[in-house]
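Listing of run_25.cif, mmCIF, C-alpha atoms and all ligand atoms
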data_model
#
loop_
_atom_site.group_PDB
_atom_site.id
_atom_site.type_symbol
_atom_site.label_atom_id
_atom_site.label_comp_id
_atom_site.auth_asym_id
_atom_site.auth_seq_id
_atom_site.Cartn_x
_atom_site.Cartn_y
_atom_site.Cartn_z
ATOM 1 C CA MET A 1 75.851 103.130 92.162
ATOM 2 C CA THR A 2 75.165 106.710 91.030
ATOM 3 C CA GLY A 3 76.634 110.168 91.717
ATOM 4 C CA ALA A 4 80.201 111.422 91.899
ATOM 5 C CA PHE A 5 82.698 108.841 93.112
ATOM 6 C CA PHE A 6 84.105 110.837 96.008
ATOM 7 C CA ASP A 7 80.581 111.630 97.287
ATOM 8 C CA ARG A 8 79.733 107.940 97.171
ATOM 9 C CA LEU A 9 82.993 107.119 98.900
ATOM 10 C CA ALA A 10 82.289 109.708 101.604
ATOM 11 C CA ASP A 11 78.892 108.064 102.212
ATOM 12 C CA ARG A 12 80.482 104.649 102.393
ATOM 13 C CA ILE A 13 83.170 105.843 104.820
ATOM 14 C CA ASP A 14 80.430 107.301 107.020
ATOM 15 C CA SER A 15 78.223 104.247 106.913
ATOM 16 C CA VAL A 16 80.945 101.758 107.905
ATOM 17 C CA ASP A 17 83.047 104.265 109.857
ATOM 18 C CA SER A 18 86.102 103.036 108.002
ATOM 19 C CA VAL A 19 88.734 104.272 105.543
ATOM 20 C CA VAL A 20 90.080 100.772 104.942
ATOM 21 C CA SER A 21 90.598 99.727 101.347
ATOM 22 C CA VAL A 22 90.731 95.926 101.289
ATOM 23 C CA GLY A 23 93.160 94.907 98.572
ATOM 24 C CA LEU A 24 91.922 91.829 96.721
ATOM 25 C CA ASP A 25 95.306 90.664 95.467
ATOM 26 C CA ALA A 26 94.216 87.039 95.241
ATOM 27 C CA ASP A 27 97.586 85.446 94.522
ATOM 28 C CA PRO A 28 96.663 81.960 93.216
ATOM 29 C CA SER A 29 99.682 80.411 94.952
ATOM 30 C CA ARG A 30 98.380 81.550 98.362
ATOM 31 C CA ILE A 31 94.770 80.484 98.029
ATOM 32 C CA PRO A 32 93.851 77.842 100.658
ATOM 33 C CA ASP A 33 94.082 74.226 99.460
ATOM 34 C CA HIS A 34 90.406 73.467 100.007
ATOM 35 C CA LEU A 35 89.421 76.142 97.426
ATOM 36 C CA ARG A 36 91.814 75.064 94.704
ATOM 37 C CA GLU A 37 89.432 72.422 93.353
ATOM 38 C CA LYS A 38 86.783 75.048 92.634
ATOM 39 C CA ASP A 39 85.962 76.131 89.081
ATOM 40 C CA LEU A 40 87.295 79.640 89.807
ATOM 41 C CA PRO A 41 89.459 79.483 92.945
ATOM 42 C CA GLN A 42 90.140 83.242 93.015
ATOM 43 C CA TRP A 43 86.433 84.002 92.910
ATOM 44 C CA ALA A 44 85.698 81.393 95.603
ATOM 45 C CA PHE A 45 88.413 82.994 97.738
ATOM 46 C CA ASN A 46 87.275 86.578 97.131
ATOM 47 C CA ARG A 47 83.658 85.763 97.855
ATOM 48 C CA ARG A 48 84.554 84.471 101.305
ATOM 49 C CA ILE A 49 86.878 87.412 101.913
ATOM 50 C CA ILE A 50 84.105 89.857 100.947
ATOM 51 C CA ASP A 51 81.578 88.081 103.172
ATOM 52 C CA ALA A 52 84.002 88.364 106.084
ATOM 53 C CA THR A 53 85.270 91.918 105.547
ATOM 54 C CA HIS A 54 82.578 94.037 103.883
ATOM 55 C CA GLU A 55 81.353 95.591 107.130
ATOM 56 C CA HIS A 56 84.802 97.125 107.548
ATOM 57 C CA ALA A 57 85.549 97.983 103.922
ATOM 58 C CA ALA A 58 85.326 101.515 102.537
ATOM 59 C CA CYS A 59 86.210 99.944 99.202
ATOM 60 C CA TYR A 60 87.693 96.871 97.586
ATOM 61 C CA LYS A 61 90.815 97.278 95.504
ATOM 62 C CA PRO A 62 91.501 94.290 93.263
ATOM 63 C CA ASN A 63 94.861 94.620 91.563
ATOM 64 C CA ALA A 64 94.392 93.648 87.906
ATOM 65 C CA ALA A 65 97.826 91.990 87.857
ATOM 66 C CA PHE A 66 96.393 89.025 89.739
ATOM 67 C CA TYR A 67 93.596 88.433 87.208
ATOM 68 C CA GLU A 68 95.209 88.747 83.803
ATOM 69 C CA ASP A 69 94.246 85.400 82.308
ATOM 70 C CA ALA A 70 90.905 84.009 81.130
ATOM 71 C CA ASP A 71 89.816 82.554 84.493
ATOM 72 C CA GLY A 72 91.221 85.582 86.277
ATOM 73 C CA TRP A 73 89.045 87.992 84.325
ATOM 74 C CA ARG A 74 85.989 85.818 85.031
ATOM 75 C CA SER A 75 86.868 85.796 88.726
ATOM 76 C CA LEU A 76 87.337 89.543 88.702
ATOM 77 C CA ARG A 77 83.972 90.127 87.047
ATOM 78 C CA GLU A 78 82.179 87.975 89.644
ATOM 79 C CA THR A 79 84.111 89.678 92.439
ATOM 80 C CA ILE A 80 83.169 93.182 91.272
ATOM 81 C CA ALA A 81 79.480 92.287 90.992
ATOM 82 C CA TYR A 82 79.503 90.646 94.419
ATOM 83 C CA ALA A 83 81.195 93.639 96.083
ATOM 84 C CA HIS A 84 78.622 95.925 94.484
ATOM 85 C CA GLY A 85 75.887 93.641 95.795
ATOM 86 C CA LYS A 86 77.200 94.461 99.272
ATOM 87 C CA ASP A 87 77.173 98.200 98.417
ATOM 88 C CA VAL A 88 80.957 98.465 98.494
ATOM 89 C CA PRO A 89 82.672 100.572 95.788
ATOM 90 C CA VAL A 90 85.368 98.892 93.720
ATOM 91 C CA LEU A 91 88.640 100.596 92.840
ATOM 92 C CA LEU A 92 90.425 98.669 90.096
ATOM 93 C CA ASP A 93 94.159 98.938 90.576
ATOM 94 C CA ALA A 94 95.171 98.830 86.919
ATOM 95 C CA LYS A 95 97.840 101.576 86.692
ATOM 96 C CA ARG A 96 96.929 102.153 83.027
ATOM 97 C CA ALA A 97 97.470 104.952 80.440
ATOM 98 C CA ASP A 98 98.707 105.002 76.826
ATOM 99 C CA ILE A 99 98.414 107.005 73.614
ATOM 100 C CA GLY A 100 94.919 108.288 72.759
ATOM 101 C CA ASN A 101 93.232 105.480 70.830
ATOM 102 C CA THR A 102 94.712 102.835 73.137
ATOM 103 C CA THR A 103 93.876 104.605 76.350
ATOM 104 C CA ARG A 104 90.277 105.024 75.168
ATOM 105 C CA GLN A 105 90.114 101.230 75.238
ATOM 106 C CA TYR A 106 91.712 101.096 78.691
ATOM 107 C CA ALA A 107 89.184 103.609 79.971
ATOM 108 C CA LYS A 108 86.403 101.114 79.213
ATOM 109 C CA LEU A 109 87.635 99.302 82.320
ATOM 110 C CA LEU A 110 85.789 102.022 84.218
ATOM 111 C CA ASP A 111 82.423 100.819 82.899
ATOM 112 C CA ASP A 112 82.261 98.098 85.544
ATOM 113 C CA VAL A 113 84.064 99.709 88.478
ATOM 114 C CA ASP A 114 83.876 102.929 90.476
ATOM 115 C CA ALA A 115 87.475 104.090 90.285
ATOM 116 C CA ILE A 116 90.853 103.182 88.846
ATOM 117 C CA THR A 117 94.560 103.824 89.349
ATOM 118 C CA VAL A 118 96.412 105.417 86.416
ATOM 119 C CA ASN A 119 100.010 106.145 85.516
ATOM 120 C CA PRO A 120 100.845 109.802 84.720
ATOM 121 C CA TYR A 121 104.111 109.113 82.872
ATOM 122 C CA MET A 122 102.618 109.717 79.398
ATOM 123 C CA GLY A 123 100.903 112.965 80.357
ATOM 124 C CA ARG A 124 97.444 114.453 80.153
ATOM 125 C CA ASP A 125 96.196 113.061 76.837
ATOM 126 C CA SER A 126 96.974 109.542 78.036
ATOM 127 C CA LEU A 127 94.601 110.111 80.961
ATOM 128 C CA GLN A 128 91.912 112.196 79.297
ATOM 129 C CA PRO A 129 89.361 109.394 78.694
ATOM 130 C CA PHE A 130 89.559 108.551 82.405
ATOM 131 C CA LEU A 131 89.350 112.193 83.505
ATOM 132 C CA ASP A 132 86.309 112.663 81.253
ATOM 133 C CA ARG A 133 84.234 110.324 83.437
ATOM 134 C CA PRO A 134 83.023 112.672 86.210
ATOM 135 C CA GLU A 135 81.203 109.886 88.039
ATOM 136 C CA LYS A 136 84.339 107.729 88.352
ATOM 137 C CA GLY A 137 87.408 108.176 90.569
ATOM 138 C CA VAL A 138 90.852 108.475 88.964
ATOM 139 C CA PHE A 139 93.820 107.922 91.291
ATOM 140 C CA VAL A 140 97.083 109.156 89.760
ATOM 141 C CA LEU A 141 100.333 107.503 90.880
ATOM 142 C CA CYS A 142 102.303 110.280 92.577
ATOM 143 C CA ARG A 143 104.845 108.958 95.109
ATOM 144 C CA THR A 144 104.743 105.172 95.154
ATOM 145 C CA SER A 145 105.524 102.964 98.139
ATOM 146 C CA ASN A 146 108.172 100.715 96.594
ATOM 147 C CA PRO A 147 111.910 101.177 97.266
ATOM 148 C CA GLY A 148 112.485 102.267 93.641
ATOM 149 C CA GLY A 149 109.790 104.926 93.974
ATOM 150 C CA GLU A 150 112.551 107.449 94.572
ATOM 151 C CA ASP A 151 114.519 106.574 91.411
ATOM 152 C CA LEU A 152 112.452 108.864 89.191
ATOM 153 C CA GLN A 153 109.788 110.385 91.406
ATOM 154 C CA ASP A 154 112.241 112.141 93.759
ATOM 155 C CA LEU A 155 114.344 113.673 90.980
ATOM 156 C CA GLU A 156 114.625 117.433 91.127
ATOM 157 C CA LEU A 157 113.526 119.330 88.033
ATOM 158 C CA ALA A 158 115.148 122.496 86.700
ATOM 159 C CA SER A 159 112.261 124.418 88.326
ATOM 160 C CA GLY A 160 113.387 123.102 91.734
ATOM 161 C CA GLU A 161 110.290 120.907 92.085
ATOM 162 C CA ARG A 162 110.516 117.153 92.589
ATOM 163 C CA VAL A 163 108.893 114.997 89.931
ATOM 164 C CA TYR A 164 106.227 113.816 92.396
ATOM 165 C CA GLU A 165 105.456 117.459 93.242
ATOM 166 C CA ARG A 166 104.984 118.194 89.564
ATOM 167 C CA VAL A 167 102.647 115.202 89.286
ATOM 168 C CA ALA A 168 100.622 116.459 92.262
ATOM 169 C CA ALA A 169 100.378 119.935 90.689
ATOM 170 C CA LEU A 170 99.264 118.484 87.364
ATOM 171 C CA ALA A 171 96.715 116.211 89.007
ATOM 172 C CA ASP A 172 95.265 119.257 90.743
ATOM 173 C CA LEU A 173 94.931 120.950 87.336
ATOM 174 C CA TRP A 174 93.382 117.828 85.819
ATOM 175 C CA ASN A 175 90.757 117.745 88.571
ATOM 176 C CA GLU A 176 88.179 119.774 86.648
ATOM 177 C CA HIS A 177 85.383 117.341 87.543
ATOM 178 C CA GLY A 178 86.377 116.721 91.164
ATOM 179 C CA ASN A 179 87.153 113.102 90.306
ATOM 180 C CA VAL A 180 90.952 112.981 90.787
ATOM 181 C CA GLY A 181 92.909 111.559 93.705
ATOM 182 C CA LEU A 182 96.570 110.692 94.223
ATOM 183 C CA VAL A 183 98.359 107.489 95.150
ATOM 184 C CA VAL A 184 100.970 108.220 97.812
ATOM 185 C CA GLY A 185 102.697 105.418 99.717
ATOM 186 C CA ALA A 186 102.742 105.211 103.514
ATOM 187 C CA THR A 187 106.392 104.178 103.307
ATOM 188 C CA ALA A 188 107.288 107.793 102.417
ATOM 189 C CA PRO A 189 105.659 109.746 105.291
ATOM 190 C CA ASP A 190 107.666 112.947 104.726
ATOM 191 C CA GLU A 191 106.586 113.098 101.100
ATOM 192 C CA LEU A 192 103.039 112.243 102.174
ATOM 193 C CA GLU A 193 103.044 115.249 104.484
ATOM 194 C CA SER A 194 104.490 117.648 101.936
ATOM 195 C CA ILE A 195 102.159 116.506 99.129
ATOM 196 C CA ARG A 196 99.182 116.987 101.464
ATOM 197 C CA GLU A 197 100.334 120.574 102.116
ATOM 198 C CA GLN A 198 100.702 121.155 98.389
ATOM 199 C CA VAL A 199 97.264 119.811 97.365
ATOM 200 C CA PRO A 200 94.956 120.104 100.384
ATOM 201 C CA ASP A 201 91.813 119.139 98.460
ATOM 202 C CA LEU A 202 92.813 115.909 96.707
ATOM 203 C CA PRO A 203 91.912 112.616 98.394
ATOM 204 C CA PHE A 204 94.736 110.088 98.547
ATOM 205 C CA LEU A 205 94.859 106.336 98.223
ATOM 206 C CA VAL A 206 97.617 105.370 100.640
ATOM 207 C CA PRO A 207 99.022 101.857 100.160
ATOM 208 C CA GLY A 208 102.071 100.386 101.864
ATOM 209 C CA ILE A 209 100.941 99.730 105.421
ATOM 210 C CA GLY A 210 100.860 96.129 106.666
ATOM 211 C CA ALA A 211 103.118 93.917 104.552
ATOM 212 C CA GLN A 212 105.278 96.862 103.366
ATOM 213 C CA GLY A 213 105.664 98.324 106.872
ATOM 214 C CA GLY A 214 104.477 101.892 106.118
ATOM 215 C CA ASP A 215 103.338 104.502 108.630
ATOM 216 C CA ALA A 216 99.615 104.017 109.417
ATOM 217 C CA GLU A 217 99.353 107.201 111.474
ATOM 218 C CA ALA A 218 100.805 109.338 108.670
ATOM 219 C CA ALA A 219 98.539 107.538 106.198
ATOM 220 C CA VAL A 220 95.475 108.777 108.080
ATOM 221 C CA GLU A 221 96.830 112.159 109.121
ATOM 222 C CA PHE A 222 97.811 113.168 105.590
ATOM 223 C CA GLY A 223 95.807 110.811 103.370
ATOM 224 C CA LEU A 224 92.351 112.233 103.986
ATOM 225 C CA ALA A 225 90.932 115.417 102.408
ATOM 226 C CA GLY A 226 87.796 116.578 104.208
ATOM 227 C CA GLY A 227 87.642 113.136 105.821
ATOM 228 C CA VAL A 228 87.739 111.326 102.457
ATOM 229 C CA GLY A 229 90.583 109.047 101.434
ATOM 230 C CA LEU A 230 91.619 105.409 101.547
ATOM 231 C CA VAL A 231 94.283 103.449 103.365
ATOM 232 C CA ASN A 232 94.905 100.122 101.679
ATOM 233 C CA SER A 233 96.094 96.805 102.999
ATOM 234 C CA SER A 234 96.055 93.732 100.780
ATOM 235 C CA ARG A 235 98.168 90.785 102.026
ATOM 236 C CA GLY A 236 97.888 91.943 105.652
ATOM 237 C CA ILE A 237 94.124 91.354 105.490
ATOM 238 C CA ILE A 238 93.354 88.690 102.916
ATOM 239 C CA PHE A 239 96.166 86.326 103.938
ATOM 240 C CA ALA A 240 95.930 86.993 107.692
ATOM 241 C CA GLY A 241 94.443 83.503 108.042
ATOM 242 C CA GLU A 242 96.855 81.664 105.790
ATOM 243 C CA ASP A 243 97.620 79.132 108.553
ATOM 244 C CA ARG A 244 93.994 78.794 109.660
ATOM 245 C CA GLY A 245 92.707 76.429 106.940
ATOM 246 C CA GLU A 246 88.980 76.795 106.397
ATOM 247 C CA ALA A 247 88.797 79.624 108.960
ATOM 248 C CA PHE A 248 90.973 81.827 106.723
ATOM 249 C CA ASP A 249 88.074 84.185 106.110
ATOM 250 C CA LYS A 250 87.366 84.702 109.799
ATOM 251 C CA ALA A 251 90.971 85.771 110.288
ATOM 252 C CA ALA A 252 90.666 88.194 107.373
ATOM 253 C CA GLY A 253 87.534 89.695 108.907
ATOM 254 C CA GLU A 254 89.348 90.144 112.211
ATOM 255 C CA ALA A 255 92.328 91.744 110.466
ATOM 256 C CA ALA A 256 90.095 94.198 108.597
ATOM 257 C CA LYS A 257 88.279 95.137 111.791
ATOM 258 C CA ARG A 258 91.563 95.565 113.666
ATOM 259 C CA LEU A 259 92.938 97.835 110.952
ATOM 260 C CA LYS A 260 89.731 99.879 110.859
ATOM 261 C CA LYS A 261 89.942 100.438 114.620
ATOM 262 C CA ARG A 262 93.634 101.267 114.470
ATOM 263 C CA LEU A 263 93.139 103.836 111.705
ATOM 264 C CA ASN A 264 90.085 105.278 113.426
ATOM 265 C CA ARG A 265 92.203 106.147 116.440
ATOM 266 C CA TYR A 266 93.993 108.654 114.194
ATOM 267 C CA ARG A 267 90.830 110.081 112.582
ATOM 268 C CA ASP A 268 89.193 113.040 114.315
HETATM 269 O O1 LIG B 301 98.451 101.808 93.246
HETATM 270 C C1 LIG B 301 98.553 101.089 94.246
HETATM 271 O O2 LIG B 301 97.568 100.653 94.832
HETATM 272 C C2 LIG B 301 99.889 100.888 94.816
HETATM 273 C C3 LIG B 301 100.772 101.953 94.705
HETATM 274 C C4 LIG B 301 101.957 101.941 95.463
HETATM 275 O O3 LIG B 301 102.710 102.901 95.479
HETATM 276 N N1 LIG B 301 102.240 100.852 96.215
HETATM 277 C C5 LIG B 301 101.400 99.775 96.295
HETATM 278 O O4 LIG B 301 101.711 98.839 97.053
HETATM 279 N N2 LIG B 301 100.258 99.751 95.547
HETATM 280 C C6 LIG B 301 99.402 98.554 95.514
HETATM 281 O O5 LIG B 301 98.819 98.343 96.806
HETATM 282 C C7 LIG B 301 98.812 96.931 97.110
HETATM 283 C C8 LIG B 301 99.680 96.716 98.340
HETATM 284 O O6 LIG B 301 99.578 95.412 98.782
HETATM 285 P P1 LIG B 301 100.107 94.943 100.229
HETATM 286 O O7 LIG B 301 101.540 95.360 100.332
HETATM 287 O O8 LIG B 301 99.911 93.461 100.194
HETATM 288 O O9 LIG B 301 99.239 95.632 101.261
HETATM 289 C C9 LIG B 301 99.305 96.221 95.863
HETATM 290 O O10 LIG B 301 98.183 95.900 95.053
HETATM 291 C C10 LIG B 301 100.152 97.262 95.173
HETATM 292 O O11 LIG B 301 100.186 97.107 93.767
#
Turn this file's structure into structure tokens for me.
Ligand SMILES: O=C(O)c1cc(=O)[nH]c(=O)n1[C@@H]1O[C@H](COP(=O)(O)O)[C@@H](O)[C@H]1O
Amino acid sequence: MTGAFFDRLADRIDSVDSVVSVGLDADPSRIPDHLREKDLPQWAFNRRIIDATHEHAACYKPNAAFYEDADGWRSLRETIAYAHGKDVPVLLDAKRADIGNTTRQYAKLLDDVDAITVNPYMGRDSLQPFLDRPEKGVFVLCRTSNPGGEDLQDLELASGERVYERVAALADLWNEHGNVGLVVGATAPDELESIREQVPDLPFLVPGIGAQGGDAEAAVEFGLAGGVGLVNSSRGIIFAGEDRGEAFDKAAGEAAKRLKKRLNRYRD
């Protein structure tokens, strides 16, 4: 896939009429029994999920946490190639960043995927090797969806800004190549609204709907910039058919389609 990430994403959103990010969080303990005998159960699972959902997917978002062992990395590699074979961009949810020489190694993760999530806690130099890839998307954690998201991110600085507001302002500065987005959880709709006002041009990845109970309408209303952005659901799609045995993938396809339609009601 060539060109700037957000242009490619815009094309994908248009072609499938969907802003759904399908989260491939292939928890080995929840993979259906009949796939557990396979050489790479996570890959076998993801392949069926991709077959069933790709027509509704603006992107796939595998979370690296679920693949961090030898078989996991093999499964992830196969999954990425297969998603690309279906013309779907892949956003690797890795939440990385470190000091310079280390983060240069982390940034190699971008070689195989289209975009990545990164952690801004260590500041600009920790993100530079990611930012220096104009053709890749870099989603900076800003206001996360988890209950503890407020512990640090909502703190008020001496300037009167909240920490997440400072992160949004910095991300806007770091966006020299038009390749930066923010991660803002749907479980914090007020913050979502105010961050959108602050940075009107940055696309958001909005997780936290579905299993975490976030606000889908706010996710669409405030998550998109010029129609571009992503609303993610992982467990709510890929495990929708957990009680359906071999038809698990059909249920996932239905869940992805349902979410697409639901979100589209809020798009203009
Ligand atoms: O960066 C993320 O994607 C992310 C940020 C955040 O604030 N909250 C959040 O849930 N996520 C990720 O989004 C996915 C949510 O999964 P579900 O709750 O199953 O839809 C997981 O992979 C989380 O790691």
Could you report the residues within 10 Å of ligand LIG 301 (chain B), using all atoms listed in the file, as an mmCIF file with C-alpha atoms, keeping the file's coordinate frame?
data_model
loop_
_atom_site.group_PDB
_atom_site.id
_atom_site.type_symbol
_atom_site.label_atom_id
_atom_site.label_comp_id
_atom_site.auth_asym_id
_atom_site.auth_seq_id
_atom_site.Cartn_x
_atom_site.Cartn_y
_atom_site.Cartn_z
ATOM 1 C CA SER A 21 90.598 99.727 101.347
ATOM 2 C CA VAL A 22 90.731 95.926 101.289
ATOM 3 C CA GLY A 23 93.160 94.907 98.572
ATOM 4 C CA LEU A 24 91.922 91.829 96.721
ATOM 5 C CA ASP A 25 95.306 90.664 95.467
ATOM 6 C CA ALA A 26 94.216 87.039 95.241
ATOM 7 C CA LYS A 61 90.815 97.278 95.504
ATOM 8 C CA PRO A 62 91.501 94.290 93.263
ATOM 9 C CA ASN A 63 94.861 94.620 91.563
ATOM 10 C CA ALA A 64 94.392 93.648 87.906
ATOM 11 C CA ALA A 65 97.826 91.990 87.857
ATOM 12 C CA PHE A 66 96.393 89.025 89.739
ATOM 13 C CA LEU A 91 88.640 100.596 92.840
ATOM 14 C CA LEU A 92 90.425 98.669 90.096
ATOM 15 C CA ASP A 93 94.159 98.938 90.576
ATOM 16 C CA ALA A 94 95.171 98.830 86.919
ATOM 17 C CA LYS A 95 97.840 101.576 86.692
ATOM 18 C CA ILE A 116 90.853 103.182 88.846
ATOM 19 C CA THR A 117 94.560 103.824 89.349
ATOM 20 C CA VAL A 118 96.412 105.417 86.416
ATOM 21 C CA ASN A 119 100.010 106.145 85.516
ATOM 22 C CA PHE A 139 93.820 107.922 91.291
ATOM 23 C CA VAL A 140 97.083 109.156 89.760
ATOM 24 C CA LEU A 141 100.333 107.503 90.880
ATOM 25 C CA CYS A 142 102.303 110.280 92.577
ATOM 26 C CA ARG A 143 104.845 108.958 95.109
ATOM 27 C CA THR A 144 104.743 105.172 95.154
ATOM 28 C CA SER A 145 105.524 102.964 98.139
ATOM 29 C CA ASN A 146 108.172 100.715 96.594
ATOM 30 C CA PRO A 147 111.910 101.177 97.266
ATOM 31 C CA GLY A 148 112.485 102.267 93.641
ATOM 32 C CA GLY A 149 109.790 104.926 93.974
ATOM 33 C CA LEU A 182 96.570 110.692 94.223
ATOM 34 C CA VAL A 183 98.359 107.489 95.150
ATOM 35 C CA VAL A 184 100.970 108.220 97.812
ATOM 36 C CA GLY A 185 102.697 105.418 99.717
ATOM 37 C CA ALA A 186 102.742 105.211 103.514
ATOM 38 C CA THR A 187 106.392 104.178 103.307
ATOM 39 C CA ALA A 188 107.288 107.793 102.417
ATOM 40 C CA LEU A 205 94.859 106.336 98.223
ATOM 41 C CA VAL A 206 97.617 105.370 100.640
ATOM 42 C CA PRO A 207 99.022 101.857 100.160
ATOM 43 C CA GLY A 208 102.071 100.386 101.864
ATOM 44 C CA ILE A 209 100.941 99.730 105.421
ATOM 45 C CA GLY A 210 100.860 96.129 106.666
ATOM 46 C CA ALA A 211 103.118 93.917 104.552
ATOM 47 C CA GLN A 212 105.278 96.862 103.366
ATOM 48 C CA GLY A 213 105.664 98.324 106.872
ATOM 49 C CA GLY A 214 104.477 101.892 106.118
ATOM 50 C CA VAL A 231 94.283 103.449 103.365
ATOM 51 C CA ASN A 232 94.905 100.122 101.679
ATOM 52 C CA SER A 233 96.094 96.805 102.999
ATOM 53 C CA SER A 234 96.055 93.732 100.780
ATOM 54 C CA ARG A 235 98.168 90.785 102.026
ATOM 55 C CA GLY A 236 97.888 91.943 105.652
ATOM 56 C CA ILE A 237 94.124 91.354 105.490
ATOM 57 C CA ILE A 238 93.354 88.690 102.916
ATOM 58 C CA PHE A 239 96.166 86.326 103.938
#
Written as a compact mmCIF listing (two decimals) with C-alpha atoms, keeping the file's coordinate frame, which residues does the PyMOL selection byres (((chain A and resi 260-266) around 12) and not hetatm) give for the file shown?
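Result went into part_34.txt, see below:
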# COMPACT_ATOMS: atom_id res chain seq x y z
CA ILE A 13 83.17 105.84 104.82
CA ASP A 14 80.43 107.30 107.02
CA VAL A 16 80.94 101.76 107.90
CA ASP A 17 83.05 104.26 109.86
CA SER A 18 86.10 103.04 108.00
CA VAL A 19 88.73 104.27 105.54
CA VAL A 20 90.08 100.77 104.94
CA SER A 21 90.60 99.73 101.35
CA VAL A 22 90.73 95.93 101.29
CA THR A 53 85.27 91.92 105.55
CA HIS A 54 82.58 94.04 103.88
CA GLU A 55 81.35 95.59 107.13
CA HIS A 56 84.80 97.12 107.55
CA ALA A 57 85.55 97.98 103.92
CA ALA A 58 85.33 101.52 102.54
CA ILE A 209 100.94 99.73 105.42
CA GLY A 210 100.86 96.13 106.67
CA ASP A 215 103.34 104.50 108.63
CA ALA A 216 99.62 104.02 109.42
CA GLU A 217 99.35 107.20 111.47
CA ALA A 218 100.80 109.34 108.67
CA ALA A 219 98.54 107.54 106.20
CA VAL A 220 95.48 108.78 108.08
CA GLU A 221 96.83 112.16 109.12
CA PHE A 222 97.81 113.17 105.59
CA GLY A 223 95.81 110.81 103.37
CA LEU A 224 92.35 112.23 103.99
CA GLY A 227 87.64 113.14 105.82
CA GLY A 229 90.58 109.05 101.43
CA LEU A 230 91.62 105.41 101.55
CA VAL A 231 94.28 103.45 103.36
CA ASN A 232 94.90 100.12 101.68
CA SER A 233 96.09 96.80 103.00
CA ILE A 237 94.12 91.35 105.49
CA GLY A 253 87.53 89.70 108.91
CA GLU A 254 89.35 90.14 112.21
CA ALA A 255 92.33 91.74 110.47
CA ALA A 256 90.10 94.20 108.60
CA LYS A 257 88.28 95.14 111.79
CA ARG A 258 91.56 95.56 113.67
CA LEU A 259 92.94 97.84 110.95
CA ARG A 267 90.83 110.08 112.58
CA ASP A 268 89.19 113.04 114.32
Got a sec to resolve the PyMOL selection byres (((chain A and resi 27-40) around 9) and not hetatm) on this structure and send the residues as number ranges by chain? A: 24-26, 41-45, 66-67, 71-72, 74-75, 239, 242-243, 245-246, 248
Find the residue from A:Arg96, A:Arg166, A:Arg104, A:Arg47 that sits nearest to Glu78 (chain A); use all atoms listed in the file when measuring. A:Arg47
Evaluated on this file, the PyMOL selection byres (((chain A and resi 155-163) around 12) and not hetatm) picks out some residues - which ones are they, written as a PyMOL selection string? chain A and resi 120-121+141-144+148-154+164-170+191+194-195+198
Could you save the residues just selected, with C-alpha atoms, as a compact mmCIF listing (two decimals), in the coordinates of the input?
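Writing done, so here's selection-v1.txt:
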# COMPACT_ATOMS: atom_id res chain seq x y z
CA PRO A 120 100.84 109.80 84.72
CA TYR A 121 104.11 109.11 82.87
CA LEU A 141 100.33 107.50 90.88
CA CYS A 142 102.30 110.28 92.58
CA ARG A 143 104.84 108.96 95.11
CA THR A 144 104.74 105.17 95.15
CA GLY A 148 112.48 102.27 93.64
CA GLY A 149 109.79 104.93 93.97
CA GLU A 150 112.55 107.45 94.57
CA ASP A 151 114.52 106.57 91.41
CA LEU A 152 112.45 108.86 89.19
CA GLN A 153 109.79 110.38 91.41
CA ASP A 154 112.24 112.14 93.76
CA TYR A 164 106.23 113.82 92.40
CA GLU A 165 105.46 117.46 93.24
CA ARG A 166 104.98 118.19 89.56
CA VAL A 167 102.65 115.20 89.29
CA ALA A 168 100.62 116.46 92.26
CA ALA A 169 100.38 119.94 90.69
CA LEU A 170 99.26 118.48 87.36
CA GLU A 191 106.59 113.10 101.10
CA SER A 194 104.49 117.65 101.94
CA ILE A 195 102.16 116.51 99.13
CA GLN A 198 100.70 121.16 98.39
Tell me, in Å to one decimal, how far CA of Pro89 (chain A) is from CA of Ala52 (chain A).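 Value for the CA of Pro89 (chain A)-CA of Ala52 (chain A) distance: 16.0 Å.
Take CA of Asp112 (chain A) and CA of Arg77 (chain A): the distance between them is 8.3 Å.
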Interatomic distance between CA of Ala83 (chain A) and CA of Ile50 (chain A)?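 Those two atoms sit 6.8 Å apart.
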Nearest to Gln105 (chain A) among A:Val180, A:Met122, A:Ala225, A:Leu127, with distances taken over all atoms listed in the file: which residue is it?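 Once distances to Gln105 (chain A) are computed over all atoms listed in the file, the minimum belongs to A:Leu127.
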Could you check the closest approach to Glu176 (chain A) for each of A:Val88, A:Cys59, A:Leu131, A:Leu202 and tell me which residue wins, using only C-alpha atoms? A:Leu131
Set up a box along x, y and z of the file covering all listed atoms of region 52-62 of chain A, add 3 Å on every one of the six sides, and write the centre and edge lengths in Å to one decimal, as AutoDock Vina command-line options.
--center_x 86.4 --center_y 94.9 --center_z 100.4 --size_x 16.1 --size_y 19.2 --size_z 20.3
Rank nothing, just name the residue among A:Asp7, A:Asp87, A:Asp69, A:Asp190 nearest to Glu135 (chain A), using only C-alpha atoms. A:Asp7
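Among A:Arg12, A:Tyr106, A:Asp201, A:Gly226, the residue with the shortest atom-to-atom distance to Lys86 (chain A), counting only C-alpha atoms, is A:Arg12.
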